[in-house]
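Dumped upload-v3.txt below, it's compact mmCIF, C-alpha atoms:
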# COMPACT_ATOMS: atom_id res chain seq x y z
CA MET A 1 84.14 143.42 127.84
CA PHE A 2 86.40 145.86 129.67
CA SER A 3 87.77 149.08 128.22
CA LEU A 4 91.08 150.80 128.85
CA ASP A 5 90.03 154.05 130.45
CA PRO A 6 92.80 156.23 131.97
CA LYS A 7 90.08 157.92 134.03
CA ARG A 8 89.48 154.59 135.74
CA PRO A 9 93.07 153.36 135.93
CA ILE A 10 92.82 150.71 138.62
CA SER A 11 89.82 148.85 137.19
CA SER A 12 91.33 149.15 133.69
CA LEU A 13 94.63 147.68 134.88
CA PHE A 14 92.78 144.81 136.56
CA GLY A 15 90.86 144.13 133.35
CA ALA A 16 93.96 144.27 131.17
CA PHE A 17 95.83 142.00 133.57
CA PHE A 18 93.19 139.26 133.58
CA ALA A 19 92.70 139.46 129.81
CA TRP A 20 96.45 139.17 129.21
CA LYS A 21 96.81 136.27 131.62
CA ALA A 22 93.88 134.47 129.98
CA PHE A 23 95.60 134.91 126.61
CA LEU A 24 98.93 133.53 127.85
CA LEU A 25 97.39 130.64 129.76
CA ALA A 26 95.35 129.68 126.69
CA ILE A 27 98.64 129.49 124.79
CA ALA A 28 100.13 127.35 127.57
CA PHE A 29 97.18 124.95 127.41
CA GLY A 30 97.23 124.85 123.62
CA SER A 31 100.94 124.14 123.42
CA SER A 32 100.66 121.22 125.80
CA VAL A 33 98.75 118.76 123.65
CA GLY A 34 101.85 116.56 123.38
CA PRO A 35 104.52 115.39 125.83
CA ALA A 36 107.00 117.96 127.06
CA TYR A 37 110.32 118.30 125.23
CA ASP A 38 112.15 117.91 128.55
CA THR A 39 111.12 115.71 131.46
CA SER A 40 113.06 117.44 134.23
CA SER A 41 109.77 118.28 135.94
CA THR A 42 109.60 114.63 137.00
CA LEU A 43 112.06 115.65 139.70
CA ILE A 44 109.06 117.19 141.47
CA SER A 45 106.58 114.39 140.88
CA PRO A 46 106.81 111.27 138.70
CA ARG A 47 103.55 112.06 136.94
CA ILE A 48 104.58 115.61 136.06
CA ALA A 49 105.74 115.98 132.46
CA SER A 50 105.04 112.31 131.82
CA SER A 51 103.03 111.01 128.89
CA GLU A 52 100.00 110.86 131.19
CA GLU A 53 100.29 114.51 132.21
CA SER A 54 96.95 116.28 131.95
CA ILE A 55 96.88 119.25 129.59
CA PHE A 56 94.81 121.03 132.27
CA ASP A 57 97.50 120.61 134.95
CA LEU A 58 98.41 124.27 134.67
CA ALA A 59 100.73 124.51 137.66
CA THR A 60 103.04 121.81 136.34
CA LYS A 61 102.90 123.26 132.82
CA LEU A 62 104.39 126.43 134.26
CA THR A 63 107.02 124.62 136.34
CA ARG A 64 109.78 124.60 133.77
CA TRP A 65 113.49 125.36 133.74
CA ASP A 66 114.63 127.32 136.84
CA SER A 67 111.24 126.99 138.54
CA ILE A 68 112.08 123.33 139.18
CA TYR A 69 114.97 124.46 141.38
CA PHE A 70 112.84 127.04 143.18
CA THR A 71 110.08 124.54 144.01
CA GLN A 72 112.54 121.84 145.04
CA VAL A 73 114.37 124.20 147.40
CA ALA A 74 111.02 125.32 148.81
CA ARG A 75 110.20 121.70 149.55
CA ARG A 76 113.36 120.48 151.30
CA GLY A 77 115.80 123.39 151.50
CA TYR A 78 119.15 123.79 149.74
CA LEU A 79 120.67 120.36 149.28
CA PHE A 80 123.11 120.62 146.37
CA GLU A 81 125.75 123.29 145.90
CA GLN A 82 124.50 124.43 142.49
CA GLU A 83 121.06 125.23 143.93
CA TRP A 84 122.56 128.27 145.64
CA ALA A 85 122.59 130.01 142.26
CA PHE A 86 118.86 130.56 142.82
CA GLY A 87 117.85 133.24 145.30
CA SER A 88 116.32 132.18 148.59
CA GLY A 89 113.50 134.73 148.46
CA LEU A 90 110.98 132.81 146.38
CA PRO A 91 111.56 129.38 148.01
CA THR A 92 111.17 131.04 151.41
CA VAL A 93 107.82 132.58 150.41
CA ILE A 94 106.54 129.30 148.97
CA SER A 95 107.69 127.36 152.03
CA PHE A 96 105.97 129.89 154.30
CA PHE A 97 102.63 129.39 152.58
CA ILE A 98 103.12 125.61 152.68
CA GLN A 99 103.49 125.85 156.47
CA VAL A 100 100.42 128.07 156.73
CA LEU A 101 98.35 125.56 154.75
CA SER A 102 99.73 122.72 156.87
CA SER A 103 98.53 124.51 160.00
CA PHE A 104 95.03 124.32 158.52
CA GLY A 105 95.37 120.60 157.93
CA ILE A 106 96.18 120.75 154.20
CA ASP A 107 98.81 118.15 153.42
CA ALA A 108 101.60 118.91 150.96
CA HIS A 109 101.62 116.94 147.70
CA GLY A 110 103.67 116.87 144.51
CA SER A 111 101.96 119.85 142.89
CA LEU A 112 101.43 122.08 145.93
CA GLU A 113 104.71 124.00 145.63
CA PRO A 114 104.15 124.69 141.90
CA ILE A 115 100.56 125.80 142.59
CA ILE A 116 101.66 128.23 145.29
CA GLY A 117 104.51 129.43 143.10
CA VAL A 118 102.08 130.18 140.26
CA LEU A 119 99.74 132.05 142.61
CA VAL A 120 102.66 134.07 144.01
CA GLY A 121 103.82 134.88 140.48
CA HIS A 122 100.38 136.07 139.31
CA THR A 123 99.68 138.08 142.47
CA SER A 124 103.09 139.72 142.42
CA HIS A 125 102.73 140.65 138.75
CA LEU A 126 99.38 142.33 139.35
CA LEU A 127 100.60 144.21 142.41
CA SER A 128 103.79 145.27 140.64
CA ALA A 129 101.72 146.85 137.83
CA LEU A 130 99.77 148.83 140.43
CA ALA A 131 103.00 149.81 142.21
CA LEU A 132 104.52 151.01 138.92
CA TYR A 133 101.43 153.13 138.28
CA GLN A 134 101.76 154.78 141.69
CA LEU A 135 105.49 155.27 141.18
CA GLY A 136 104.86 157.06 137.89
CA LEU A 137 102.41 159.41 139.59
CA VAL A 138 104.96 160.30 142.28
CA VAL A 139 107.89 160.84 139.91
CA TRP A 140 106.21 162.38 136.85
CA LYS A 141 102.79 163.46 138.14
CA ASN A 142 101.45 162.33 134.78
CA PRO A 143 98.43 159.97 135.06
CA GLN A 144 98.37 159.04 131.38
CA LEU A 145 102.07 158.21 131.22
CA SER A 146 101.86 156.21 134.46
CA PHE A 147 98.83 154.29 133.20
CA VAL A 148 100.45 153.36 129.88
CA ALA A 149 103.68 152.32 131.63
CA ALA A 150 101.73 150.01 133.96
CA LEU A 151 99.98 148.47 130.95
CA LEU A 152 103.35 147.88 129.31
CA HIS A 153 104.53 146.05 132.41
CA ILE A 154 101.48 143.79 132.21
CA ILE A 155 102.34 142.74 128.64
CA SER A 156 106.07 142.60 129.35
CA PRO A 157 108.16 140.38 127.03
CA ALA A 158 108.87 138.33 130.15
CA GLY A 159 105.51 136.71 129.38
CA LEU A 160 104.85 133.44 131.22
CA PHE A 161 107.95 133.92 133.35
CA LEU A 162 105.84 136.45 135.31
CA SER A 163 103.21 133.75 135.88
CA ALA A 164 105.45 130.80 136.65
CA PRO A 165 107.27 129.94 139.90
CA TYR A 166 110.07 132.31 138.93
CA ALA A 167 111.57 135.20 140.92
CA GLU A 168 110.98 137.92 138.29
CA SER A 169 107.44 139.02 139.19
CA THR A 170 108.12 139.27 142.93
CA PHE A 171 111.43 140.96 142.26
CA ALA A 172 109.59 143.55 140.16
CA LEU A 173 107.01 144.09 142.92
CA LEU A 174 109.67 144.61 145.59
CA SER A 175 111.81 146.83 143.34
CA PHE A 176 108.91 149.04 142.27
CA THR A 177 107.77 149.31 145.89
CA GLY A 178 111.30 150.19 146.94
CA TYR A 179 111.50 152.92 144.30
CA LEU A 180 108.08 154.20 145.37
CA PHE A 181 109.27 154.62 148.96
CA PHE A 182 112.57 156.09 147.75
CA ALA A 183 110.80 158.62 145.52
CA LYS A 184 108.43 159.66 148.29
CA GLY A 185 111.36 160.10 150.65
CA LEU A 186 113.63 161.94 148.22
CA LEU A 187 111.24 164.17 146.30
CA GLY A 188 109.25 167.05 147.72
CA GLN A 189 109.65 170.46 149.22
CA THR A 190 110.39 169.46 152.81
CA ARG A 191 112.67 167.06 154.63
CA THR A 192 110.81 165.57 157.54
CA PHE A 193 111.63 162.59 159.71
CA ALA A 194 108.93 160.65 157.83
CA HIS A 195 110.73 161.28 154.54
CA ASP A 196 113.95 159.82 155.95
CA VAL A 197 112.09 156.81 157.35
CA SER A 198 110.71 156.26 153.85
CA LEU A 199 114.27 156.15 152.49
CA VAL A 200 115.27 153.52 155.04
CA ALA A 201 112.12 151.53 154.26
CA SER A 202 112.94 151.67 150.55
CA GLY A 203 116.31 150.10 151.30
CA MET A 204 114.57 147.29 153.14
CA TRP A 205 112.28 146.63 150.15
CA PHE A 206 115.31 146.62 147.87
CA GLY A 207 117.08 144.27 150.28
CA PHE A 208 114.19 141.82 150.06
CA ALA A 209 114.35 142.12 146.27
CA ALA A 210 118.05 141.17 146.36
CA THR A 211 117.13 137.85 148.00
CA PHE A 212 115.05 137.05 144.91
CA ARG A 213 117.54 138.15 142.25
CA SER A 214 121.18 139.10 142.77
CA ASN A 215 120.90 142.02 140.32
CA GLY A 216 118.77 143.64 143.02
CA LEU A 217 122.12 144.82 144.37
CA PHE A 218 122.06 147.48 141.62
CA ASN A 219 119.17 149.11 143.49
CA GLY A 220 121.76 150.41 145.92
CA ILE A 221 123.06 152.83 143.29
CA PRO A 222 120.41 155.54 143.98
CA PHE A 223 121.45 155.59 147.64
CA ALA A 224 125.12 156.03 146.73
CA ILE A 225 124.46 158.85 144.27
CA ALA A 226 122.04 160.65 146.60
CA LEU A 227 124.56 160.33 149.45
CA VAL A 228 127.38 161.78 147.35
CA LYS A 229 125.23 164.78 146.51
CA GLU A 230 124.20 165.16 150.15
CA LEU A 231 127.82 165.15 151.29
CA SER A 232 128.52 168.11 149.02
CA LYS A 233 126.24 170.29 151.19
CA LEU A 234 127.05 171.97 154.47
CA PRO A 235 126.15 169.69 157.40
CA THR A 236 123.01 170.58 159.32
CA SER A 237 120.89 168.50 161.66
CA THR A 238 118.47 167.77 158.80
CA SER A 239 121.29 166.96 156.40
CA ILE A 240 123.01 164.64 158.88
CA ARG A 241 119.73 162.79 159.45
CA ARG A 242 119.31 162.44 155.69
CA ARG A 243 122.84 161.06 155.33
CA CYS A 244 122.19 158.49 158.04
CA ALA A 245 118.95 157.46 156.34
CA LEU A 246 120.72 156.99 152.99
CA ILE A 247 123.50 154.96 154.62
CA LEU A 248 121.03 152.73 156.46
CA GLY A 249 118.99 152.26 153.29
CA GLY A 250 122.06 151.35 151.25
CA LEU A 251 123.25 148.92 153.92
CA SER A 252 119.83 147.26 153.87
CA VAL A 253 120.25 146.56 150.14
CA ALA A 254 123.70 145.07 150.76
CA ILE A 255 122.40 142.93 153.63
CA GLY A 256 119.76 141.42 151.36
CA PHE A 257 122.54 140.22 149.09
CA ILE A 258 125.06 139.22 151.77
CA VAL A 259 122.85 137.25 154.18
CA PRO A 260 122.24 134.30 151.80
CA GLN A 261 125.99 134.25 151.08
CA LEU A 262 126.69 134.04 154.81
CA ALA A 263 124.20 131.20 155.18
CA ALA A 264 125.99 129.26 152.44
CA TYR A 265 129.40 130.03 153.99
CA GLN A 266 128.23 128.66 157.31
CA THR A 267 126.94 125.49 155.61
CA PHE A 268 129.97 124.71 153.45
CA CYS A 269 132.93 126.46 155.07
CA LEU A 270 132.43 126.38 158.85
CA ILE A 271 132.80 122.62 159.08
CA SER A 272 135.04 120.03 160.69
CA PRO A 273 138.77 120.79 160.29
CA ASN A 274 139.34 117.34 158.78
CA THR A 275 136.81 117.99 156.01
CA ARG A 276 138.04 119.30 152.68
CA LEU A 277 136.78 122.82 152.01
CA ARG A 278 135.10 123.81 148.78
CA PRO A 279 137.36 126.01 146.56
CA TRP A 280 135.26 129.17 147.00
CA CYS A 281 135.58 129.04 150.80
CA THR A 282 139.22 130.19 150.60
CA SER A 283 138.63 132.96 148.06
CA ARG A 284 139.43 136.55 148.99
CA LEU A 285 135.72 137.35 148.67
CA PRO A 286 134.00 133.99 149.19
CA SER A 287 130.77 133.94 147.20
CA ILE A 288 128.95 130.72 146.50
CA TYR A 289 126.80 132.50 143.92
CA SER A 290 129.78 133.49 141.76
CA PHE A 291 131.35 130.06 142.18
CA VAL A 292 128.36 127.98 141.13
CA GLN A 293 127.64 130.27 138.20
CA GLU A 294 131.13 129.64 136.89
CA ARG A 295 131.38 125.98 137.91
CA TYR A 296 128.00 124.59 136.89
CA TRP A 297 126.55 126.91 134.21
CA LEU A 298 128.72 125.80 131.34
CA VAL A 299 128.90 123.96 128.03
CA ARG A 300 130.79 120.70 128.19
CA ALA A 301 133.46 120.33 125.53
CA SER A 302 134.05 116.64 126.29
CA PRO A 303 131.71 113.76 127.14
CA SER A 304 133.77 112.98 130.22
CA PRO A 305 131.85 114.06 133.34
CA ASP A 306 134.88 113.92 135.60
CA ASP A 307 137.56 116.09 134.04
CA VAL A 308 136.62 119.61 135.10
CA ASN A 309 139.71 120.98 133.34
CA ILE A 310 138.20 120.41 129.90
CA LEU A 311 135.01 122.28 130.56
CA ASN A 312 134.18 125.20 128.32
CA ARG A 313 132.49 127.52 130.78
CA ASN A 314 130.10 130.04 129.26
CA VAL A 315 129.33 132.26 132.25
CA GLY A 316 131.82 135.09 132.59
CA PHE A 317 133.26 137.97 130.63
CA LEU A 318 132.63 137.37 126.89
CA ARG A 319 132.39 133.59 127.42
CA TYR A 320 128.93 133.56 125.86
CA TRP A 321 130.26 135.16 122.67
CA THR A 322 130.30 132.06 120.49
CA PRO A 323 128.92 131.53 116.96
CA GLY A 324 126.30 129.12 118.28
CA ASN A 325 124.81 131.83 120.51
CA ILE A 326 124.35 134.40 117.73
CA PRO A 327 120.58 133.62 117.48
CA LEU A 328 120.21 134.29 121.21
CA PHE A 329 121.96 137.66 120.86
CA LEU A 330 119.59 138.52 118.00
CA LEU A 331 116.58 137.59 120.14
CA ALA A 332 117.84 139.82 122.93
CA THR A 333 118.66 142.78 120.68
CA PRO A 334 115.24 144.53 120.81
CA MET A 335 115.17 144.45 124.61
CA LEU A 336 118.78 145.57 124.85
CA TYR A 337 118.00 148.46 122.50
CA LEU A 338 115.12 149.59 124.73
CA LEU A 339 117.23 149.39 127.87
CA ILE A 340 120.27 151.18 126.44
CA LYS A 341 118.36 153.78 124.43
CA SER A 342 116.04 154.73 127.30
CA GLY A 343 118.91 154.71 129.80
CA LEU A 344 121.05 157.05 127.72
CA GLU A 345 118.09 159.33 127.00
CA PHE A 346 117.33 159.73 130.70
CA ILE A 347 120.99 160.31 131.53
CA ARG A 348 121.00 163.12 128.97
CA LYS A 349 117.51 164.50 129.70
CA PRO A 350 116.38 163.25 133.11
CA LEU A 351 113.40 165.64 133.19
CA GLY A 352 112.21 164.91 129.66
CA LEU A 353 108.83 163.54 130.78
CA THR A 354 108.08 166.23 133.37
CA ILE A 355 104.81 168.09 132.65
CA GLU A 356 104.32 170.12 135.84
CA LYS A 357 106.38 173.07 136.96
CA SER A 358 108.23 172.30 140.16
CA SER A 359 110.70 174.06 142.40
CA PRO A 360 114.40 173.90 141.49
CA ALA A 361 115.07 171.76 144.55
CA SER A 362 112.40 169.24 143.56
CA LEU A 363 113.68 169.10 139.97
CA SER A 364 117.21 168.55 141.27
CA GLN A 365 116.11 165.58 143.36
CA THR A 366 114.12 164.15 140.45
CA THR A 367 117.26 164.40 138.33
CA VAL A 368 119.22 162.43 140.94
CA LEU A 369 116.53 159.75 141.10
CA VAL A 370 116.05 159.33 137.36
CA GLN A 371 119.74 159.36 136.46
CA SER A 372 120.56 156.82 139.17
CA MET A 373 117.78 154.56 137.88
CA ALA A 374 119.15 154.97 134.36
CA LEU A 375 122.64 154.03 135.54
CA SER A 376 121.32 150.85 137.19
CA GLN A 377 119.52 149.91 133.99
CA LEU A 378 122.56 150.55 131.81
CA ILE A 379 124.78 148.44 134.06
CA LEU A 380 122.28 145.59 133.77
CA ALA A 381 122.29 145.85 129.96
CA ILE A 382 126.09 145.96 129.76
CA LEU A 383 126.49 142.94 132.04
CA ALA A 384 123.87 141.06 130.03
CA ILE A 385 125.91 141.64 126.88
CA THR A 386 129.29 140.82 128.38
CA ASN A 387 128.68 138.32 131.20
CA TYR A 388 125.17 136.84 131.34
CA HIS A 389 123.34 134.27 129.29
CA ILE A 390 122.04 136.98 126.99
CA GLN A 391 118.53 135.54 126.51
CA ILE A 392 117.54 136.19 130.15
CA ILE A 393 117.51 139.95 129.57
CA THR A 394 113.92 139.81 128.26
CA ARG A 395 112.72 138.61 131.65
CA ILE A 396 115.07 140.27 134.14
CA SER A 397 114.42 143.66 132.49
CA SER A 398 110.82 143.40 133.73
CA GLY A 399 111.87 144.75 137.14
CA TYR A 400 113.25 148.09 135.86
CA PRO A 401 110.76 150.99 135.61
CA LEU A 402 112.69 153.38 133.40
CA TRP A 403 112.27 151.73 130.02
CA TYR A 404 108.51 151.40 130.59
CA TRP A 405 108.31 155.17 131.14
CA TRP A 406 110.41 155.91 128.09
CA LEU A 407 108.29 153.67 125.88
CA ALA A 408 105.09 155.09 127.37
CA GLY A 409 106.39 158.55 126.50
CA ALA A 410 107.01 157.41 122.92
CA ILE A 411 103.51 155.95 122.64
CA THR A 412 101.80 159.08 123.95
CA ASP A 413 103.83 161.40 121.72
CA ARG A 414 102.39 161.83 118.23
CA LYS A 415 105.85 162.11 116.70
CA THR A 416 106.95 158.71 117.99
CA ALA A 417 103.60 156.93 118.37
CA THR A 418 104.21 154.68 115.37
CA PHE A 419 107.52 153.50 116.78
CA GLY A 420 105.91 152.88 120.16
CA SER A 421 103.07 150.91 118.61
CA ASN A 422 105.51 148.72 116.72
CA VAL A 423 107.39 147.96 119.93
CA VAL A 424 104.13 146.94 121.61
CA ARG A 425 103.39 144.59 118.70
CA PHE A 426 106.82 143.04 119.14
CA MET A 427 106.23 142.61 122.89
CA VAL A 428 102.93 140.82 122.33
CA MET A 429 104.34 138.57 119.60
CA TYR A 430 107.45 137.73 121.61
CA ALA A 431 105.49 136.92 124.77
CA ALA A 432 103.06 134.72 122.82
CA ILE A 433 105.78 132.72 121.04
CA GLN A 434 107.89 132.47 124.15
CA GLY A 435 104.83 131.29 126.13
CA ALA A 436 104.28 128.39 123.74
CA LEU A 437 107.96 127.41 123.93
CA PHE A 438 108.09 127.75 127.71
CA ALA A 439 105.02 125.59 128.33
CA SER A 440 106.53 122.89 126.08
CA PHE A 441 109.84 123.06 127.95
CA LEU A 442 111.61 124.38 124.87
CA PRO A 443 114.41 127.01 124.84
CA PRO A 444 115.22 129.84 125.03
CA ALA A 445 114.51 130.32 128.72
The structure in this file should be written as C-alpha cells.
Amino acid sequence: MFSLDPKRPISSLFGAFFAWKAFLLAIAFGSSVGPAYDTSSTLISPRIASSEESIFDLATKLTRWDSIYFTQVARRGYLFEQEWAFGSGLPTVISFFIQVLSSFGIDAHGSLEPIIGVLVGHTSHLLSALALYQLGLVVWKNPQLSFVAALLHIISPAGLFLSAPYAESTFALLSFTGYLFFAKGLLGQTRTFAHDVSLVASGMWFGFAATFRSNGLFNGIPFAIALVKELSKLPTSTSIRRRCALILGGLSVAIGFIVPQLAAYQTFCLISPNTRLRPWCTSRLPSIYSFVQERYWLVRASPSPDDVNILNRNVGFLRYWTPGNIPLFLLATPMLYLLIKSGLEFIRKPLGLTIEKSSPASLSQTTVLVQSMALSQLILAILAITNYHIQIITRISSGYPLWYWWLAGAITDRKTATFGSNVVRFMVMYAAIQGALFASFLPPA
C-alpha cells in the first residue's frame, strides 16, 4: 500500500493517481453488466455498445457522448458541419499516434482510436497533476499546498471524463504547462531574455490548449493584463522586449483559436461561386463554432425534422434557463460555488496563500498573475451560468488551477479544514456516481 507523504510528493502523486484510476475503472466495469442505455457507440464499430459487448472492453466503455465525435473525426477527419463544435486538438493527437502505429505495421481497427484516446486521457491527467504541483511551487513556494492541490486535481469531479477520449485532461495539461511557463517568465527578481522567451512559450502552450477547448481563449487574459501594466511604465530596452514577448504570447493564444476556424472557412466558404454558402460564411465574424453550437445543440419543440424555424435552441444567453433544467443547475451549484468563491477571494486577496517574504516587485507580479487567473475563472463560471449547458462545468473546471489552490488552502488551515474535508467527500461521491452513469451512457454528461 502507498502512503501520501508530502516529503515524497512525486511518488505519492503517482500512487494516488493509480489508486484513483483503479477505483473509477472498477466502477466503470461494475456499471457495465447490462447493455448501454444509448447505442451511439455503434457508430464506431457495430459490436460496440451492442448486447454482445464485453464488460471488459474498457476502451469502448469510456467512449461515450462527445468522445464518439472525437474518435470519429480522428478516424476520417471532419465530415459533417456539426463536428466542428469539437476541437481539432484531440483528434489530431489520436490520428498522429494511429499513423505512428501504422508505420510499425499495426493495422487500425474499430477500437484503436478509443484505446489511444483513453491512453492519451490517462497520461495527460497524470502529467497535468505533476504540472500543477510544479506550478504551485513556482507561484506560492509552498510544497504542502502544491501537493494537496495536485491531489485534488487527481480526484477532480470531472471523474471519468479525465480518463475517456475527451479533451479535458489534455486541455488541463497544456493549460497548467502554459501557466508554469508564464509564472516562470513573469515572476522573479530579474528580467532576462530567457524570461521573455518563457512568456512566448507559455502563449504557445495556451494556443495548443485552445485547439482542444475553445475556452482556452480565456488564457489570453493574463497576457492582456500584464501588458497593460507594462505599458504604464517608462519604456526601456528591457521593458520593450517584455512588451513584445507579451504581445507574441497573446497572439499565440489567439492563433490557437483562429486556425481551426480558418480551416473550416476554407472548407465551407471558399467554394465554387455557383454553390450556396452556409449562413455563417456571410456573418460579420464568421465562426463555424458559434454557428453549430446554436444550430445543432438544441431541444426540438416539434417532431418535424425539417422546419428549423420551430426549434427551441438551448445554447445561448439564458436559453438553458428552463424548468426542466433545474436539476442540472442544482448539480452544478457546488462547482460553481467553488469557482466563484475562490475567484472572488483571490481578486480581493491575491497574496493570501503566500508564506515567504518576497520583494515588492515580485509580490506585484504575483498579484498580476493570480488576479488574471481569477478573472479567467470567473468569466468561465459566469458563461456557464448564462450561456453553456450548465452540467459541463464540473468537467471543464478541471483545467483551472486557482480553485484547487483555494481548496487546498482551506484543507490545510485548521479553521476551515472541516469545510475542505466535506468538499473532498463531495468530489469523491460525485465522481463515483458520475462514473457509473457515464460508463452506462446515462446523463448528465
One-decimal distance in Å that lies between atom CA of Leu351 of chain A and atom CA of Met373 of chain A: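 Taking atom CA of Met373 of chain A as the start and atom CA of Leu351 of chain A as the end point, the length is 12.8 Å.
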Residues near Leu217 of chain A, anyone? I mean within 8 Å using all atoms listed in the file, not counting same-chain ones fewer than 3 positions away, as a ChimeraX atom specification. /A:206-207,210,214,220,253-254,257
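Residue nearest Val370 of chain A, chosen from A:Phe193, A:Phe291, A:Trp140, A:Phe329 and counting only C-alpha atoms: A:Trp140.
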With only C-alpha atoms as the counted atoms, please give the residues lying no more than 8 Å from Ser198 of chain A, apart from itself and same-chain residues fewer than 6 positions off, as a ChimeraX atom specification. /A:181-182,184-185
Interatomic distance, atom CA of Met427 of chain A to atom CA of Gly117 of chain A (Å, one decimal):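 Going from atom CA of Met427 of chain A over to atom CA of Gly117 of chain A covers 24.2 Å.
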Enclosing box along x, y and z for every listed atom of segment 263-281 of chain A, padded 5 Å each side, centre and size in Å, one decimal, as JSON:
{"center_x": 131.8, "center_y": 124.3, "center_z": 153.6, "size_x": 25.1, "size_y": 23.9, "size_z": 24.1}
Separation of atom CA of Gly203 of chain A from atom CA of Trp406 of chain A in Å: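 Computing it gives 24.6 Å between the two atoms.
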Around the point (110.7, 154.4, 151.2) (coordinates from the file), which residues reach within 9 Å if we count all atoms listed in the file? Answer as a PyMOL selection string. chain A and resi 177-186+195-205+249
Show me, as a PyMOL selection string, the residues that have an atom within 10 Å of Gly89 of chain A when counting all atoms listed in the file, minus same-chain residues fewer than 6 positions from it. chain A and resi 70+74+167+170-171+208-213+256+260
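For the residues A:Ala158, A:Leu336, A:Ile355, A:Ala226, ranking by smallest atom-to-atom distance to Ser239 of chain A using only C-alpha atoms places A:Ala226 first.
Residues in contact with Ala16 of chain A at 9 Å, where all atoms listed in the file are counted and same-chain residues fewer than 5 positions away are skipped, are listed as Phe2, Ser3, Leu4, Ser11, Lys21, Leu151, Ile154 and Ile155 of chain A.
Considering all atoms listed in the file, the residue among A:Ala26, A:Leu13, A:Ala129, A:Pro165 positioned nearest to Thr71 of chain A is A:Pro165.
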Neighbouring residues of Val73 of chain A were defined as those with any atom within 10 Å, considering only C-alpha atoms; residues of the same chain fewer than 2 positions away were excluded. Please report them as a ChimeraX atom specification. /A:67-71,75-80,83-84,86-88,90-92,94-95,113
Could you tell me which of A:Gly399, A:Gly121, A:Gly409, A:Pro273 comes closest to Leu160 of chain A if we count all atoms listed in the file?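 That would be A:Gly121, the residue with the smallest distance to Leu160 of chain A.
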When you count all atoms listed in the file, which of these residues is closest to Phe17 of chain A: A:Leu162, A:Val139, A:Ile340, A:Ile411? A:Leu162
Have a look at A:Leu24, A:Ala264, A:Ile116, A:Leu132 and name the one nearest to Val428 of chain A; count all atoms listed in the file.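 Answer, going by the shortest atom-to-atom distance: A:Leu24.
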Neighbours of point (111.7, 140.0, 133.7) within 10 Å, using only C-alpha atoms, written as a JSON list (two decimals) with C-alpha atoms, in the frame of the given file:
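Written out: result.json:
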[["chain", "number", "residue", "atom", "x", "y", "z"],
["A", 153, "HIS", "CA", 104.53, 146.05, 132.41],
["A", 156, "SER", "CA", 106.07, 142.60, 129.35],
["A", 157, "PRO", "CA", 108.16, 140.38, 127.03],
["A", 158, "ALA", "CA", 108.87, 138.33, 130.15],
["A", 159, "GLY", "CA", 105.51, 136.71, 129.38],
["A", 160, "LEU", "CA", 104.85, 133.44, 131.22],
["A", 161, "PHE", "CA", 107.95, 133.92, 133.35],
["A", 162, "LEU", "CA", 105.84, 136.45, 135.31],
["A", 166, "TYR", "CA", 110.07, 132.31, 138.93],
["A", 167, "ALA", "CA", 111.57, 135.20, 140.92],
["A", 168, "GLU", "CA", 110.98, 137.92, 138.29],
["A", 169, "SER", "CA", 107.44, 139.02, 139.19],
["A", 170, "THR", "CA", 108.12, 139.27, 142.93],
["A", 171, "PHE", "CA", 111.43, 140.96, 142.26],
["A", 172, "ALA", "CA", 109.59, 143.55, 140.16],
["A", 392, "ILE", "CA", 117.54, 136.19, 130.15],
["A", 393, "ILE", "CA", 117.51, 139.95, 129.57],
["A", 394, "THR", "CA", 113.92, 139.81, 128.26],
["A", 395, "ARG", "CA", 112.72, 138.61, 131.65],
["A", 396, "ILE", "CA", 115.07, 140.27, 134.14],
["A", 397, "SER", "CA", 114.42, 143.66, 132.49],
["A", 398, "SER", "CA", 110.82, 143.40, 133.73],
["A", 399, "GLY", "CA", 111.87, 144.75, 137.14],
["A", 400, "TYR", "CA", 113.25, 148.09, 135.86]]
